[in-house]
Every structure is written in C-alpha cells, then in structure tokens.
$ cat entry_3.txt   # compact mmCIF, N, CA and C atoms and all ligand atoms
# COMPACT_ATOMS: atom_id res chain seq x y z
N MET O 1065 20.98 -3.58 -7.40
CA MET O 1065 19.83 -2.91 -8.01
C MET O 1065 18.66 -2.90 -7.03
N GLU O 1066 18.07 -1.76 -6.84
CA GLU O 1066 16.96 -1.66 -5.91
C GLU O 1066 15.71 -2.29 -6.50
N LYS O 1067 14.99 -2.92 -5.62
CA LYS O 1067 13.73 -3.50 -6.06
C LYS O 1067 12.65 -2.42 -6.11
N ARG O 1068 11.72 -2.64 -7.00
CA ARG O 1068 10.60 -1.70 -7.10
C ARG O 1068 9.30 -2.44 -6.81
N PHE O 1069 8.50 -1.84 -5.97
CA PHE O 1069 7.23 -2.46 -5.59
C PHE O 1069 6.08 -1.50 -5.88
N ILE O 1070 4.97 -2.10 -6.20
CA ILE O 1070 3.75 -1.31 -6.40
C ILE O 1070 2.65 -1.90 -5.52
N MET O 1071 1.97 -1.04 -4.81
CA MET O 1071 0.83 -1.48 -4.01
C MET O 1071 -0.45 -0.86 -4.56
N GLU O 1072 -1.40 -1.74 -4.87
CA GLU O 1072 -2.74 -1.28 -5.20
C GLU O 1072 -3.55 -1.37 -3.92
N TRP O 1073 -4.22 -0.32 -3.57
CA TRP O 1073 -4.97 -0.33 -2.31
C TRP O 1073 -6.33 0.33 -2.49
N LYS O 1074 -7.26 -0.19 -1.74
CA LYS O 1074 -8.64 0.25 -1.85
C LYS O 1074 -9.02 1.05 -0.61
N CYS O 1075 -9.49 2.25 -0.83
CA CYS O 1075 -9.93 3.10 0.26
C CYS O 1075 -11.20 2.52 0.88
N GLY O 1076 -11.16 2.35 2.21
CA GLY O 1076 -12.33 1.81 2.90
C GLY O 1076 -13.44 2.82 3.09
N GLU O 1077 -13.17 4.07 2.80
CA GLU O 1077 -14.19 5.11 2.96
C GLU O 1077 -15.03 5.28 1.70
N CYS O 1078 -14.35 5.29 0.52
CA CYS O 1078 -15.09 5.58 -0.72
C CYS O 1078 -14.93 4.47 -1.76
N SER O 1079 -14.21 3.40 -1.41
CA SER O 1079 -14.04 2.23 -2.28
C SER O 1079 -13.29 2.51 -3.57
N THR O 1080 -12.49 3.59 -3.60
CA THR O 1080 -11.66 3.87 -4.77
C THR O 1080 -10.36 3.08 -4.68
N TRP O 1081 -9.93 2.49 -5.82
CA TRP O 1081 -8.62 1.84 -5.86
C TRP O 1081 -7.56 2.89 -6.20
N ASN O 1082 -6.45 2.86 -5.48
CA ASN O 1082 -5.33 3.78 -5.71
C ASN O 1082 -4.06 2.96 -5.87
N ILE O 1083 -3.02 3.60 -6.38
CA ILE O 1083 -1.75 2.92 -6.58
C ILE O 1083 -0.62 3.71 -5.94
N SER O 1084 0.22 3.03 -5.18
CA SER O 1084 1.44 3.63 -4.65
C SER O 1084 2.64 2.88 -5.21
N ASP O 1085 3.75 3.59 -5.37
CA ASP O 1085 4.91 3.04 -6.08
C ASP O 1085 6.16 3.42 -5.29
N THR O 1086 7.06 2.46 -5.04
CA THR O 1086 8.27 2.77 -4.27
C THR O 1086 9.20 3.71 -5.02
N GLU O 1087 8.97 3.95 -6.30
CA GLU O 1087 9.80 4.94 -7.01
C GLU O 1087 9.52 6.36 -6.52
N ARG O 1088 8.36 6.54 -5.93
CA ARG O 1088 8.06 7.85 -5.34
C ARG O 1088 8.28 7.73 -3.84
N THR O 1089 9.45 8.16 -3.37
CA THR O 1089 9.78 7.97 -1.96
C THR O 1089 9.31 9.16 -1.13
N HIS O 1090 9.04 8.84 0.12
CA HIS O 1090 8.63 9.85 1.11
C HIS O 1090 7.46 10.69 0.61
N GLN O 1091 6.54 10.01 -0.04
CA GLN O 1091 5.34 10.71 -0.50
C GLN O 1091 4.11 9.94 -0.07
N MET O 1092 3.23 10.61 0.62
CA MET O 1092 1.97 10.01 1.02
C MET O 1092 0.98 10.18 -0.13
N ASP O 1093 0.55 9.04 -0.69
CA ASP O 1093 -0.46 9.09 -1.74
C ASP O 1093 -1.83 9.12 -1.07
N ILE O 1094 -2.57 10.17 -1.30
CA ILE O 1094 -3.85 10.37 -0.64
C ILE O 1094 -4.99 10.04 -1.60
N CYS O 1095 -5.98 9.33 -1.10
CA CYS O 1095 -7.17 9.03 -1.89
C CYS O 1095 -7.90 10.32 -2.27
N GLN O 1096 -8.65 10.24 -3.33
CA GLN O 1096 -9.38 11.42 -3.79
C GLN O 1096 -10.34 11.96 -2.73
N CYS O 1097 -10.80 11.12 -1.81
CA CYS O 1097 -11.71 11.58 -0.77
C CYS O 1097 -10.96 12.26 0.38
N GLY O 1098 -9.64 12.11 0.39
CA GLY O 1098 -8.82 12.77 1.40
C GLY O 1098 -8.78 12.07 2.74
N LYS O 1099 -9.39 10.90 2.85
CA LYS O 1099 -9.50 10.25 4.17
C LYS O 1099 -8.50 9.12 4.38
N SER O 1100 -7.91 8.62 3.31
CA SER O 1100 -6.97 7.51 3.43
C SER O 1100 -5.73 7.79 2.59
N GLY O 1101 -4.62 7.18 3.00
CA GLY O 1101 -3.40 7.39 2.23
C GLY O 1101 -2.37 6.32 2.53
N VAL O 1102 -1.42 6.15 1.62
CA VAL O 1102 -0.34 5.17 1.77
C VAL O 1102 0.97 5.82 1.35
N ASP O 1103 1.98 5.64 2.19
CA ASP O 1103 3.35 6.02 1.85
C ASP O 1103 4.14 4.73 1.74
N LEU O 1104 4.42 4.32 0.52
CA LEU O 1104 5.05 3.03 0.27
C LEU O 1104 6.55 3.19 0.11
N GLU O 1105 7.31 2.53 0.99
CA GLU O 1105 8.77 2.50 0.89
C GLU O 1105 9.18 1.05 0.76
N GLU O 1106 10.45 0.83 0.41
CA GLU O 1106 10.85 -0.56 0.18
C GLU O 1106 10.70 -1.43 1.43
N HIS O 1107 11.03 -0.88 2.60
CA HIS O 1107 11.01 -1.71 3.81
C HIS O 1107 9.96 -1.31 4.83
N LEU O 1108 9.27 -0.22 4.58
CA LEU O 1108 8.30 0.24 5.57
C LEU O 1108 7.15 0.93 4.85
N THR O 1109 5.95 0.59 5.25
CA THR O 1109 4.79 1.25 4.66
C THR O 1109 3.99 1.93 5.75
N ARG O 1110 3.64 3.19 5.53
CA ARG O 1110 2.79 3.90 6.47
C ARG O 1110 1.44 4.10 5.83
N THR O 1111 0.40 3.90 6.60
CA THR O 1111 -0.93 4.16 6.07
C THR O 1111 -1.68 5.06 7.03
N ILE O 1112 -2.61 5.82 6.49
CA ILE O 1112 -3.53 6.58 7.33
C ILE O 1112 -4.95 6.26 6.88
N GLY O 1113 -5.87 6.48 7.75
CA GLY O 1113 -7.27 6.28 7.39
C GLY O 1113 -7.65 4.81 7.36
N ASN O 1114 -8.40 4.44 6.38
CA ASN O 1114 -9.05 3.15 6.35
C ASN O 1114 -8.78 2.48 5.00
N ILE O 1115 -7.89 1.49 5.02
CA ILE O 1115 -7.57 0.74 3.80
C ILE O 1115 -8.27 -0.61 3.91
N SER O 1116 -9.15 -0.91 2.98
CA SER O 1116 -9.93 -2.14 3.12
C SER O 1116 -9.30 -3.33 2.41
N GLU O 1117 -8.54 -3.07 1.34
CA GLU O 1117 -7.87 -4.17 0.65
C GLU O 1117 -6.57 -3.64 0.07
N ASN O 1118 -5.58 -4.53 -0.07
CA ASN O 1118 -4.40 -4.13 -0.83
C ASN O 1118 -3.77 -5.33 -1.51
N ARG O 1119 -3.00 -5.04 -2.52
CA ARG O 1119 -2.25 -6.05 -3.27
C ARG O 1119 -0.86 -5.49 -3.51
N MET O 1120 0.15 -6.24 -3.10
CA MET O 1120 1.53 -5.80 -3.29
C MET O 1120 2.17 -6.62 -4.40
N SER O 1121 2.83 -5.94 -5.32
CA SER O 1121 3.52 -6.62 -6.41
C SER O 1121 4.93 -6.08 -6.54
N GLU O 1122 5.83 -6.96 -6.95
CA GLU O 1122 7.18 -6.54 -7.29
C GLU O 1122 7.24 -6.34 -8.80
N VAL O 1123 7.89 -5.26 -9.23
CA VAL O 1123 8.04 -5.01 -10.66
C VAL O 1123 9.37 -5.61 -11.11
N LEU O 1124 9.29 -6.58 -11.99
CA LEU O 1124 10.49 -7.26 -12.49
C LEU O 1124 10.93 -6.64 -13.81
N ASP O 1125 12.02 -7.15 -14.35
CA ASP O 1125 12.51 -6.65 -15.63
C ASP O 1125 11.42 -6.72 -16.69
N GLY O 1126 11.37 -5.70 -17.51
CA GLY O 1126 10.37 -5.67 -18.58
C GLY O 1126 9.00 -5.26 -18.10
N GLY O 1127 8.92 -4.79 -16.84
CA GLY O 1127 7.64 -4.32 -16.33
C GLY O 1127 6.69 -5.43 -15.91
N VAL O 1128 7.22 -6.66 -15.79
CA VAL O 1128 6.36 -7.77 -15.37
C VAL O 1128 6.03 -7.62 -13.89
N MET O 1129 4.79 -7.80 -13.55
CA MET O 1129 4.34 -7.67 -12.17
C MET O 1129 4.23 -9.05 -11.53
N LYS O 1130 4.90 -9.20 -10.39
CA LYS O 1130 4.83 -10.46 -9.65
C LYS O 1130 4.12 -10.20 -8.33
N GLU O 1131 2.97 -10.80 -8.15
CA GLU O 1131 2.22 -10.54 -6.92
C GLU O 1131 2.90 -11.18 -5.73
N ILE O 1132 3.03 -10.43 -4.65
CA ILE O 1132 3.68 -10.92 -3.43
C ILE O 1132 2.64 -11.30 -2.39
N TYR O 1133 1.66 -10.44 -2.19
CA TYR O 1133 0.59 -10.80 -1.28
C TYR O 1133 -0.64 -9.95 -1.58
N ALA O 1134 -1.75 -10.40 -1.07
CA ALA O 1134 -2.99 -9.64 -1.16
C ALA O 1134 -3.71 -9.78 0.16
N ASN O 1135 -4.28 -8.70 0.65
CA ASN O 1135 -4.97 -8.71 1.94
C ASN O 1135 -6.34 -8.08 1.81
N THR O 1136 -7.25 -8.59 2.58
CA THR O 1136 -8.52 -7.91 2.78
C THR O 1136 -8.66 -7.69 4.28
N TYR O 1137 -8.88 -6.46 4.68
CA TYR O 1137 -8.98 -6.14 6.10
C TYR O 1137 -10.44 -6.05 6.49
N LYS O 1138 -10.75 -6.71 7.56
CA LYS O 1138 -12.12 -6.66 8.06
C LYS O 1138 -12.25 -5.53 9.07
N GLN O 1139 -12.11 -4.33 8.57
CA GLN O 1139 -12.21 -3.18 9.46
C GLN O 1139 -13.61 -2.60 9.39
N GLU O 1140 -14.08 -2.20 10.52
CA GLU O 1140 -15.33 -1.46 10.55
C GLU O 1140 -15.07 -0.06 10.01
N LYS O 1141 -16.05 0.46 9.31
CA LYS O 1141 -15.93 1.81 8.81
C LYS O 1141 -16.20 2.78 9.95
N ARG O 1142 -15.20 3.44 10.42
CA ARG O 1142 -15.39 4.36 11.54
C ARG O 1142 -14.44 5.53 11.44
N GLY O 1143 -14.36 6.13 10.29
CA GLY O 1143 -13.60 7.36 10.15
C GLY O 1143 -12.09 7.13 10.17
N ILE O 1144 -11.39 8.17 10.54
CA ILE O 1144 -9.93 8.10 10.55
C ILE O 1144 -9.48 7.16 11.67
N LEU O 1145 -8.71 6.19 11.32
CA LEU O 1145 -8.35 5.15 12.29
C LEU O 1145 -6.98 5.36 12.91
N GLY O 1146 -6.24 6.34 12.45
CA GLY O 1146 -4.89 6.46 12.96
C GLY O 1146 -3.92 5.77 12.04
N ARG O 1147 -2.84 5.32 12.57
CA ARG O 1147 -1.78 4.80 11.72
C ARG O 1147 -1.50 3.35 11.96
N ILE O 1148 -1.16 2.69 10.91
CA ILE O 1148 -0.68 1.32 11.01
C ILE O 1148 0.66 1.29 10.28
N ALA O 1149 1.65 0.75 10.92
CA ALA O 1149 2.93 0.61 10.24
C ALA O 1149 3.37 -0.83 10.37
N TYR O 1150 3.89 -1.37 9.31
CA TYR O 1150 4.38 -2.73 9.41
C TYR O 1150 5.57 -2.92 8.49
N LYS O 1151 6.44 -3.81 8.87
CA LYS O 1151 7.63 -4.03 8.08
C LYS O 1151 7.35 -5.04 6.99
N LEU O 1152 7.84 -4.72 5.81
CA LEU O 1152 7.69 -5.63 4.68
C LEU O 1152 8.88 -6.57 4.60
N SER O 1153 9.97 -6.16 5.22
CA SER O 1153 11.20 -6.92 5.01
C SER O 1153 11.07 -8.36 5.50
N CYS O 1154 10.22 -8.59 6.51
CA CYS O 1154 10.09 -9.94 7.04
C CYS O 1154 9.42 -10.88 6.05
N LEU O 1155 8.82 -10.33 5.01
CA LEU O 1155 8.14 -11.17 4.04
C LEU O 1155 9.10 -11.81 3.06
N PHE O 1156 10.31 -11.25 3.01
CA PHE O 1156 11.26 -11.73 2.01
C PHE O 1156 12.29 -12.63 2.65
N LYS O 1157 12.50 -13.75 2.07
CA LYS O 1157 13.39 -14.74 2.69
C LYS O 1157 14.79 -14.71 2.10
N SER O 1158 15.08 -13.71 1.29
CA SER O 1158 16.40 -13.66 0.65
C SER O 1158 17.46 -13.25 1.65
ZN ZN O 1201 -11.30 7.37 -0.53
$ encode --input "entry_3.txt" --output "structure tokens"
Amino acid sequence: MEKRFIMEWKCGECSTWNISDTERTHQMDICQCGKSGVDLEEHLTRTIGNISENRMSEVLDGGVMKEIYANTYKQEKRGILGRIAYKLSCLFKS
C-alpha cells in the first residue's frame, strides 16, 4: 500500500499557508500570489520560489495525521530563488 503524505507550506512572499498532497502526482501547487509552489511526490519534492515554513505529515488509516517533520527556513526575501530539491526517502528508516 502506498503511503500518503501531506505537506503544509507557507509562502515566503505573501505568508499564505498552502497544502500539497502526494495523491496529486506531478502537479505543482502554486500559491495564490504565483511566486511559490510545491510539487510533492512520495520520494522527491520540488519547490519553486520562497517557502518560509513547512510541515510534513503522513496520513494514516482513518485520516489520522502523523507529523514527520517541521522546518522553518531562514531565507531572505529576495524574489524567485530558483529550485530546491531534496530526497525525503532518507528520512525514513524502514
Ligand atoms: Zn504566496
């Protein structure tokens, strides 16, 4: 059974919280301001723009959310920052 993850992320440009879900694959979720976005996949996450905070949770049976990690990035606000990609798989010890 595939795991499902949800990432809540905060746009560093306009401070709006957005949600990305691994059930929507190969889709870049763009903030309402159009400057930041997240494409959440099970093993790889792509981001554009400026993400100031995020929280990753695994969705368990019955819709229970289990928090995996939370980050706050100390990024300077300076427009489109390019891309950051990082592997999530290293976080899991299974
Ligand atoms: Zn925004």
$ residues_around --input "entry_3.txt" --residues "Gln1091 (chain O)" --least-positions-apart "6" --cutoff "6 Å" --atoms "all atoms listed in the file" --output "ChimeraX atom specification"
/O:1102-1104
$ residues_near_ligand --input "entry_3.txt" --ligand "ligand ZN 1201 (chain O)" --cutoff "8 Å" --atoms "only N, CA and C atoms and all ligand atoms" --output "ChimeraX atom specification"
/O:1074-1081,1094-1101,1114
$ atom_distance --input "entry_3.txt" --atom1 "CA of Arg1110 (chain O)" --atom2 "CA of Asp1125 (chain O)"
26.3 Å
$ atom_distance --input "entry_3.txt" --atom1 "CA of Lys1130 (chain O)" --atom2 "CA of Met1092 (chain O)"
23.3 Å
$ atom_distance --input "entry_3.txt" --atom1 "CA of Ile1112 (chain O)" --atom2 "CA of Lys1067 (chain O)"
24.1 Å
$ residues_around --input "entry_3.txt" --residues "Glu1117 (chain O)" --least-positions-apart "4" --cutoff "5 Å" --atoms "only N, CA and C atoms" --output "PyMOL selection string"
chain O and resi 1073-1074+1135-1137
